[in-house]
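Coordinates from entry-v8.json are shown below (JSON, C-alpha atoms).
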[["chain", "number", "residue", "atom", "x", "y", "z"],
["A", 4, "ASP", "CA", 185.45, 111.00, -11.91],
["A", 5, "PRO", "CA", 187.84, 112.63, -14.45],
["A", 6, "THR", "CA", 188.90, 109.24, -15.85],
["A", 7, "ASP", "CA", 185.42, 107.69, -16.02],
["A", 8, "GLY", "CA", 182.55, 109.88, -17.19],
["A", 9, "ASP", "CA", 179.93, 107.37, -16.02],
["A", 10, "THR", "CA", 181.04, 107.64, -12.38],
["A", 11, "LEU", "CA", 179.66, 110.58, -10.41],
["A", 12, "TYR", "CA", 179.85, 111.55, -6.75],
["A", 13, "ALA", "CA", 177.35, 113.71, -4.84],
["A", 14, "GLY", "CA", 177.75, 115.21, -1.40],
["A", 15, "THR", "CA", 174.64, 115.94, 0.66],
["A", 16, "GLY", "CA", 173.69, 118.29, 3.48],
["A", 17, "GLU", "CA", 173.22, 122.07, 3.69],
["A", 18, "GLY", "CA", 176.14, 123.31, 5.75],
["A", 19, "MET", "CA", 175.21, 127.00, 6.02],
["A", 20, "TYR", "CA", 173.08, 126.82, 9.20],
["A", 21, "ASN", "CA", 170.10, 128.43, 7.49],
["A", 22, "VAL", "CA", 166.92, 127.85, 9.51],
["A", 23, "ASP", "CA", 165.47, 125.48, 6.90],
["A", 24, "ALA", "CA", 168.72, 123.56, 6.31],
["A", 25, "LEU", "CA", 168.56, 119.79, 5.91],
["A", 26, "ARG", "CA", 171.18, 117.46, 7.33],
["A", 27, "GLY", "CA", 172.78, 115.22, 4.73],
["A", 28, "MET", "CA", 173.24, 111.46, 4.51],
["A", 29, "GLY", "CA", 176.86, 111.45, 3.41],
["A", 30, "ILE", "CA", 178.27, 110.91, -0.09],
["A", 31, "PHE", "CA", 176.56, 108.99, -2.88],
["A", 32, "ARG", "CA", 178.04, 107.41, -6.01],
["A", 33, "SER", "CA", 176.62, 106.54, -9.40],
["A", 34, "THR", "CA", 178.39, 104.30, -11.91],
["A", 35, "ASP", "CA", 175.76, 104.65, -14.65],
["A", 36, "ASN", "CA", 175.95, 108.40, -15.34],
["A", 37, "GLY", "CA", 173.49, 109.33, -12.63],
["A", 38, "VAL", "CA", 170.67, 106.91, -13.43],
["A", 39, "THR", "CA", 171.01, 105.08, -10.10],
["A", 40, "TRP", "CA", 172.86, 105.93, -6.90],
["A", 41, "GLU", "CA", 174.14, 104.17, -3.80],
["A", 42, "GLY", "CA", 175.57, 105.53, -0.58],
["A", 43, "VAL", "CA", 179.32, 105.39, -0.04],
["A", 44, "ALA", "CA", 179.30, 103.14, 3.03],
["A", 45, "SER", "CA", 182.06, 104.90, 4.96],
["A", 46, "THR", "CA", 180.07, 108.16, 4.94],
["A", 47, "GLN", "CA", 176.63, 106.81, 5.83],
["A", 48, "ASN", "CA", 175.47, 107.55, 9.39],
["A", 49, "ASN", "CA", 178.82, 109.27, 9.92],
["A", 50, "ALA", "CA", 178.55, 112.68, 11.61],
["A", 51, "SER", "CA", 181.71, 113.89, 9.85],
["A", 52, "PHE", "CA", 179.81, 113.69, 6.56],
["A", 53, "TYR", "CA", 176.43, 115.14, 7.62],
["A", 54, "PHE", "CA", 177.30, 118.34, 5.71],
["A", 55, "VAL", "CA", 179.38, 117.73, 2.57],
["A", 56, "ASN", "CA", 179.73, 121.16, 1.02],
["A", 57, "ARG", "CA", 181.97, 120.42, -1.95],
["A", 58, "LEU", "CA", 183.71, 117.48, -3.63],
["A", 59, "VAL", "CA", 186.72, 117.44, -5.95],
["A", 60, "MET", "CA", 188.75, 114.65, -7.51],
["A", 61, "LEU", "CA", 192.31, 114.82, -8.78],
["A", 62, "SER", "CA", 192.70, 114.53, -12.55],
["A", 63, "ASP", "CA", 194.07, 110.97, -12.36],
["A", 64, "SER", "CA", 191.26, 109.93, -9.97],
["A", 65, "SER", "CA", 193.83, 109.03, -7.32],
["A", 66, "ARG", "CA", 192.18, 111.14, -4.61],
["A", 67, "LEU", "CA", 188.60, 112.09, -3.80],
["A", 68, "ILE", "CA", 188.50, 115.11, -1.48],
["A", 69, "ALA", "CA", 185.53, 116.33, 0.54],
["A", 70, "ALA", "CA", 185.09, 119.78, 2.09],
["A", 71, "THR", "CA", 182.72, 119.42, 5.04],
["A", 72, "ASN", "CA", 181.60, 121.20, 8.18],
["A", 73, "SER", "CA", 183.97, 118.84, 10.02],
["A", 74, "GLY", "CA", 186.97, 119.71, 7.87],
["A", 75, "ILE", "CA", 188.66, 118.32, 4.76],
["A", 76, "PHE", "CA", 188.77, 114.56, 4.17],
["A", 77, "VAL", "CA", 190.88, 112.72, 1.60],
["A", 78, "SER", "CA", 190.24, 109.24, 0.20],
["A", 79, "GLU", "CA", 192.69, 107.30, -1.95],
["A", 80, "ASN", "CA", 190.33, 104.37, -2.56],
["A", 81, "GLU", "CA", 187.17, 105.97, -4.00],
["A", 82, "GLY", "CA", 185.66, 106.60, -0.57],
["A", 83, "THR", "CA", 186.25, 103.25, 1.10],
["A", 84, "SER", "CA", 188.24, 105.02, 3.83],
["A", 85, "TRP", "CA", 189.17, 108.61, 4.63],
["A", 86, "THR", "CA", 191.89, 110.66, 6.30],
["A", 87, "ARG", "CA", 191.03, 114.05, 7.76],
["A", 88, "THR", "CA", 193.78, 116.46, 6.68],
["A", 89, "LEU", "CA", 192.21, 119.68, 8.02],
["A", 90, "SER", "CA", 189.87, 120.09, 10.98],
["A", 91, "SER", "CA", 188.51, 123.58, 10.11],
["A", 92, "ARG", "CA", 184.95, 123.90, 8.79],
["A", 93, "THR", "CA", 185.34, 124.18, 5.01],
["A", 94, "ASN", "CA", 182.79, 125.13, 2.38],
["A", 95, "ASP", "CA", 184.75, 125.27, -0.86],
["A", 96, "ILE", "CA", 187.74, 123.54, -2.42],
["A", 97, "GLY", "CA", 189.43, 123.67, -5.81],
["A", 98, "VAL", "CA", 192.23, 121.91, -7.70],
["A", 99, "ASP", "CA", 194.79, 123.73, -9.84],
["A", 100, "PRO", "CA", 193.74, 122.82, -13.41],
["A", 101, "ASN", "CA", 197.39, 122.35, -14.41],
["A", 102, "ASN", "CA", 198.87, 120.72, -11.31],
["A", 103, "ASP", "CA", 197.10, 118.23, -9.03],
["A", 104, "ASN", "CA", 199.56, 118.96, -6.23],
["A", 105, "ASN", "CA", 198.11, 122.43, -5.75],
["A", 106, "LEU", "CA", 194.72, 123.00, -4.13],
["A", 107, "VAL", "CA", 192.93, 125.91, -2.48],
["A", 108, "ALA", "CA", 190.11, 125.86, 0.06],
["A", 109, "GLY", "CA", 187.72, 128.40, 1.53],
["A", 110, "ASN", "CA", 187.04, 128.25, 5.27],
["A", 111, "TRP", "CA", 185.02, 130.50, 7.53],
["A", 112, "GLY", "CA", 187.41, 133.32, 8.31],
["A", 113, "GLY", "CA", 190.23, 132.49, 5.90],
["A", 114, "ALA", "CA", 191.59, 130.43, 3.05],
["A", 115, "ARG", "CA", 194.02, 127.52, 2.86],
["A", 116, "TYR", "CA", 196.33, 126.11, 0.22],
["A", 117, "SER", "CA", 198.03, 122.75, -0.29],
["A", 118, "THR", "CA", 201.07, 121.89, -2.38],
["A", 119, "ASP", "CA", 200.94, 118.13, -1.87],
["A", 120, "GLY", "CA", 197.56, 117.10, -3.24],
["A", 121, "GLY", "CA", 195.55, 117.92, -0.14],
["A", 122, "ALA", "CA", 197.63, 115.97, 2.38],
["A", 123, "ASN", "CA", 198.67, 119.13, 4.25],
["A", 124, "TRP", "CA", 197.28, 122.66, 4.39],
["A", 125, "SER", "CA", 198.71, 126.10, 5.13],
["A", 126, "SER", "CA", 196.88, 129.35, 5.88],
["A", 127, "ALA", "CA", 196.83, 131.96, 3.14],
["A", 128, "THR", "CA", 198.00, 135.44, 4.13],
["A", 129, "GLY", "CA", 196.90, 138.99, 3.36],
["A", 130, "PHE", "CA", 193.36, 138.90, 4.69],
["A", 131, "SER", "CA", 192.18, 141.39, 7.28],
["A", 132, "GLY", "CA", 188.85, 142.28, 8.83],
["A", 133, "ILE", "CA", 186.95, 139.20, 7.67],
["A", 134, "ASN", "CA", 186.26, 137.93, 11.22],
["A", 135, "GLY", "CA", 185.04, 134.39, 10.61],
["A", 136, "ALA", "CA", 183.21, 135.23, 7.39],
["A", 137, "ARG", "CA", 182.47, 132.63, 4.72],
["A", 138, "VAL", "CA", 185.10, 132.43, 1.97],
["A", 139, "GLU", "CA", 184.28, 131.12, -1.51],
["A", 140, "ILE", "CA", 187.25, 130.51, -3.79],
["A", 141, "ALA", "CA", 187.99, 129.93, -7.51],
["A", 142, "TYR", "CA", 191.00, 129.37, -9.76],
["A", 143, "ALA", "CA", 191.47, 131.24, -13.02],
["A", 144, "LYS", "CA", 191.88, 128.28, -15.35],
["A", 145, "SER", "CA", 193.73, 130.31, -17.99],
["A", 146, "ASN", "CA", 196.30, 131.35, -15.36],
["A", 147, "PRO", "CA", 196.11, 129.24, -12.16],
["A", 148, "GLN", "CA", 198.46, 131.60, -10.36],
["A", 149, "ILE", "CA", 195.41, 133.85, -10.14],
["A", 150, "VAL", "CA", 192.85, 132.82, -7.53],
["A", 151, "TYR", "CA", 189.81, 134.83, -6.44],
["A", 152, "ALA", "CA", 188.03, 134.80, -3.08],
["A", 153, "SER", "CA", 184.50, 136.09, -2.50],
["A", 154, "ILE", "CA", 184.11, 136.91, 1.19],
["A", 155, "ASP", "CA", 181.02, 137.65, 3.25],
["A", 156, "ALA", "CA", 182.41, 140.84, 4.77],
["A", 157, "ASN", "CA", 181.00, 144.36, 4.31],
["A", 158, "ASN", "CA", 178.18, 142.86, 2.19],
["A", 159, "GLY", "CA", 180.74, 141.41, -0.23],
["A", 160, "GLN", "CA", 184.48, 141.67, -0.70],
["A", 161, "LEU", "CA", 186.46, 140.32, -3.64],
["A", 162, "TRP", "CA", 190.08, 139.36, -3.01],
["A", 163, "ARG", "CA", 192.71, 138.27, -5.55],
["A", 164, "SER", "CA", 195.84, 136.14, -5.36],
["A", 165, "THR", "CA", 198.65, 136.15, -7.91],
["A", 166, "ASP", "CA", 200.69, 133.37, -6.30],
["A", 167, "GLY", "CA", 198.33, 130.44, -6.59],
["A", 168, "GLY", "CA", 196.29, 131.21, -3.48],
["A", 169, "GLN", "CA", 199.11, 131.62, -0.96],
["A", 170, "SER", "CA", 198.46, 135.34, -0.37],
["A", 171, "TYR", "CA", 195.63, 137.72, -1.30],
["A", 172, "SER", "CA", 194.97, 141.43, -1.84],
["A", 173, "LEU", "CA", 191.62, 143.21, -1.64],
["A", 174, "VAL", "CA", 190.37, 144.36, -5.05],
["A", 175, "ASN", "CA", 186.73, 145.30, -4.39],
["A", 176, "ASP", "CA", 185.00, 146.41, -1.21],
["A", 177, "GLY", "CA", 182.29, 148.76, -2.46],
["A", 178, "ASN", "CA", 179.70, 146.94, -4.57],
["A", 179, "SER", "CA", 177.78, 145.01, -1.87],
["A", 180, "PHE", "CA", 177.47, 142.16, -4.36],
["A", 181, "LEU", "CA", 176.52, 139.64, -1.67],
["A", 182, "SER", "CA", 173.60, 141.78, -0.42],
["A", 183, "GLY", "CA", 174.16, 140.80, 3.19],
["A", 184, "GLN", "CA", 173.53, 137.11, 2.51],
["A", 185, "GLY", "CA", 177.00, 135.86, 1.67],
["A", 186, "TRP", "CA", 176.92, 133.46, 4.61],
["A", 187, "TYR", "CA", 174.17, 131.57, 2.73],
["A", 188, "ASP", "CA", 174.37, 132.35, -1.01],
["A", 189, "ASN", "CA", 177.88, 133.07, -2.23],
["A", 190, "ALA", "CA", 178.73, 132.01, -5.76],
["A", 191, "LEU", "CA", 181.99, 132.73, -7.60],
["A", 192, "TRP", "CA", 183.08, 131.97, -11.18],
["A", 193, "VAL", "CA", 186.09, 132.87, -13.30],
["A", 194, "ASP", "CA", 185.91, 132.65, -17.08],
["A", 195, "PRO", "CA", 188.21, 129.72, -18.00],
["A", 196, "THR", "CA", 189.47, 131.68, -21.02],
["A", 197, "ASN", "CA", 189.88, 135.12, -19.40],
["A", 198, "ALA", "CA", 191.22, 135.61, -15.87],
["A", 199, "ASP", "CA", 189.79, 139.15, -15.70],
["A", 200, "HIS", "CA", 186.19, 138.07, -16.39],
["A", 201, "VAL", "CA", 184.67, 137.26, -13.00],
["A", 202, "ILE", "CA", 181.11, 136.70, -11.80],
["A", 203, "ALA", "CA", 180.15, 136.77, -8.14],
["A", 204, "GLY", "CA", 176.85, 137.05, -6.38],
["A", 205, "GLY", "CA", 174.48, 136.31, -3.58],
["A", 206, "VAL", "CA", 170.92, 137.53, -4.03],
["A", 207, "ASP", "CA", 171.81, 138.91, -7.49],
["A", 208, "LEU", "CA", 174.76, 138.43, -9.83],
["A", 209, "TYR", "CA", 177.56, 140.90, -10.52],
["A", 210, "ARG", "CA", 180.07, 140.82, -13.37],
["A", 211, "SER", "CA", 183.58, 142.22, -13.71],
["A", 212, "THR", "CA", 185.76, 142.39, -16.81],
["A", 213, "ASP", "CA", 188.74, 144.05, -15.12],
["A", 214, "GLY", "CA", 189.71, 141.47, -12.52],
["A", 215, "GLY", "CA", 187.13, 142.56, -9.97],
["A", 216, "VAL", "CA", 188.03, 146.23, -9.71],
["A", 217, "THR", "CA", 184.59, 147.23, -11.01],
["A", 218, "MET", "CA", 181.54, 145.00, -10.68],
["A", 219, "ASN", "CA", 178.17, 145.59, -12.32],
["A", 220, "GLN", "CA", 174.86, 143.96, -11.39],
["A", 221, "PHE", "CA", 173.30, 142.03, -14.30],
["A", 222, "THR", "CA", 170.28, 140.26, -12.78],
["A", 223, "LEU", "CA", 167.05, 141.48, -11.21],
["A", 224, "TRP", "CA", 165.97, 138.73, -8.83],
["A", 225, "TRP", "CA", 162.38, 140.01, -8.57],
["A", 226, "HIS", "CA", 161.78, 140.03, -12.36],
["A", 227, "THR", "CA", 160.07, 136.93, -13.74],
["A", 228, "LYS", "CA", 162.35, 136.90, -16.80],
["A", 229, "SER", "CA", 165.59, 137.26, -14.89],
["A", 230, "ALA", "CA", 167.55, 134.60, -13.01],
["A", 231, "HIS", "CA", 166.06, 133.68, -9.64],
["A", 232, "ALA", "CA", 167.55, 134.95, -6.38],
["A", 233, "ASP", "CA", 170.13, 133.38, -4.05],
["A", 234, "HIS", "CA", 172.96, 131.94, -6.09],
["A", 235, "HIS", "CA", 174.97, 128.96, -4.87],
["A", 236, "PHE", "CA", 177.02, 127.68, -7.81],
["A", 237, "ILE", "CA", 178.10, 128.69, -11.32],
["A", 238, "MET", "CA", 179.42, 126.37, -14.03],
["A", 239, "GLN", "CA", 180.22, 126.92, -17.70],
["A", 240, "HIS", "CA", 179.20, 124.59, -20.52],
["A", 241, "PRO", "CA", 181.85, 121.89, -21.13],
["A", 242, "ASP", "CA", 182.53, 123.40, -24.59],
["A", 243, "TYR", "CA", 182.76, 126.97, -23.36],
["A", 244, "ASP", "CA", 185.45, 128.84, -25.29],
["A", 245, "GLY", "CA", 184.46, 132.47, -24.74],
["A", 246, "ILE", "CA", 183.84, 132.97, -28.46],
["A", 247, "ASN", "CA", 181.60, 130.40, -30.12],
["A", 248, "ASN", "CA", 180.22, 128.97, -26.89],
["A", 249, "LYS", "CA", 179.49, 131.34, -24.01],
["A", 250, "GLN", "CA", 176.86, 129.29, -22.17],
["A", 251, "VAL", "CA", 176.92, 129.35, -18.37],
["A", 252, "TYR", "CA", 174.63, 127.68, -15.80],
["A", 253, "PHE", "CA", 173.55, 129.13, -12.45],
["A", 254, "ALA", "CA", 172.23, 127.07, -9.54],
["A", 255, "ASN", "CA", 170.06, 129.11, -7.17],
["A", 256, "ASP", "CA", 167.04, 128.87, -4.89],
["A", 257, "GLY", "CA", 164.80, 128.77, -7.96],
["A", 258, "GLY", "CA", 166.53, 125.78, -9.56],
["A", 259, "ILE", "CA", 168.91, 126.02, -12.52],
["A", 260, "TYR", "CA", 169.06, 128.93, -14.95],
["A", 261, "THR", "CA", 171.22, 129.37, -18.03],
["A", 262, "THR", "CA", 172.17, 132.01, -20.55],
["A", 263, "PRO", "CA", 173.52, 131.16, -24.03],
["A", 264, "ASP", "CA", 175.80, 134.22, -23.89],
["A", 265, "VAL", "CA", 177.00, 135.18, -20.43],
["A", 266, "THR", "CA", 178.54, 138.39, -21.79],
["A", 267, "ALA", "CA", 175.18, 139.60, -23.16],
["A", 268, "ALA", "CA", 172.69, 138.61, -20.43],
["A", 269, "ILE", "CA", 171.43, 141.66, -18.58],
["A", 270, "SER", "CA", 168.56, 142.25, -16.17],
["A", 271, "SER", "CA", 165.54, 140.42, -17.63],
["A", 272, "THR", "CA", 167.08, 139.67, -21.04],
["A", 273, "GLY", "CA", 168.89, 136.51, -22.12],
["A", 274, "TRP", "CA", 167.84, 134.07, -19.37],
["A", 275, "GLN", "CA", 166.25, 130.63, -19.57],
["A", 276, "GLU", "CA", 164.79, 128.78, -16.57],
["A", 277, "LEU", "CA", 165.55, 125.06, -16.76]]
Rendering of file as structure tokens:
Amino acid sequence: DPTDGDTLYAGTGEGMYNVDALRGMGIFRSTDNGVTWEGVASTQNNASFYFVNRLVMLSDSSRLIAATNSGIFVSENEGTSWTRTLSSRTNDIGVDPNNDNNLVAGNWGGARYSTDGGANWSSATGFSGINGARVEIAYAKSNPQIVYASIDANNGQLWRSTDGGQSYSLVNDGNSFLSGQGWYDNALWVDPTNADHVIAGGVDLYRSTDGGVTMNQFTLWWHTKSAHADHHFIMQHPDYDGINNKQVYFANDGGIYTTPDVTAAISSTGWQEL
């Protein structure tokens, strides 16, 4: 909750249809900074919330928004009740860091955008040849007009928008950065201080410093001193500034890994398993 650091929400369920996936039990809430949790009643034993893939909250806490396998749901009362505003299976969702009215979402086979806080959604244009593939999406915080999409097509495609996620152009189709597993592990991160510094990955991680045009592998999943394989989420340290603090965290099938300097980590050097 952006206005109350002691209140946290967690969505449950693995919505990727992997053979070992576990069904979720809805959304849970903690009001003591994660020490104890209780189920949000409206989502318990509710098939629409069996697979909650991502949660976001607007900066004034006025809306909690869930991206699920049943679509996108919006609550204006902290989860007491919900309105489904999109029926398409959705894995990822993001809020413009400068304007709560603008949101983007990644579906299977396309991307959506909203200009009214998630109440209505339109289809983004420009995509071709992605044929129902999983789409992961991320704003560039330093310039929210720039939005990236990592797509499970041709072993990994990176697309870029310069109009806030309303239309996209293909920028990389030759690095195979998702290693054929982008339907399951597909992580995307944009440096909040530099819109050209992008990390994407599936089995391993790839880094770009030119807006995705070139991408270079910087992990070796099989090496005991590198980050583990199969990446699902990337998040920078709250004090990340790209200069004095360059710490980034990676959630993968091995747990959580971190590097104190994301620009220096390479292969088996600079990683810490948490």
* To do: May I ask for the distance between atom CA of A:Val55 and atom CA of A:Phe236, given in Å to one decimal place?
  =>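 The value is 14.6 Å.
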* Quick one: everything within 9 Å of A:Ser170, counting all atoms listed in the file, minus sequence neighbours fewer than 3 positions away in the same chain. Send it as a ChimeraX atom specification. => /A:126-130,163-167
* Interatomic distance, atom CA of A:Ser78 to atom CA of A:Ala136 (Å, one decimal) ->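 Rounded to one decimal, the two atoms are 27.9 Å apart.
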* Near-stretch 256-259 of chain A list (7 Å; all atoms listed in the file; drop same-chain fewer than 4 positions) as a list in words -> His231, Ala232, Asp233, His234, Tyr252, Glu276 and Leu277 of chain A
* atom CA of A:Asn80 to atom CA of A:Arg57, straight-line distance in Å ->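 We find that atom CA of A:Arg57 and atom CA of A:Asn80 lie 18.1 Å from each other.
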* **Selected residue of minimal separation from A:Asn189 among A:Met19, A:Tyr116, A:Trp124, A:Thr261, counting all atoms listed in the file** =>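 Looking at the shortest contact to A:Asn189, the residue is A:Met19.
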* For A:Leu11, list every protein, DNA or RNA residue within 7 Å, evaluated using only C-alpha atoms, and leave out those in the same chain fewer than 3 positions away; present the list as a VMD selection string. => chain A and resid 4 32 to 34 36 to 37
* Asked: Between A:Asp35, A:Asp188, A:Asp242, A:Asp176, which has the minimum distance to A:Val216 (counting all atoms listed in the file)?
  ->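 Using all atoms listed in the file, A:Val216 sits closest to A:Asp176.
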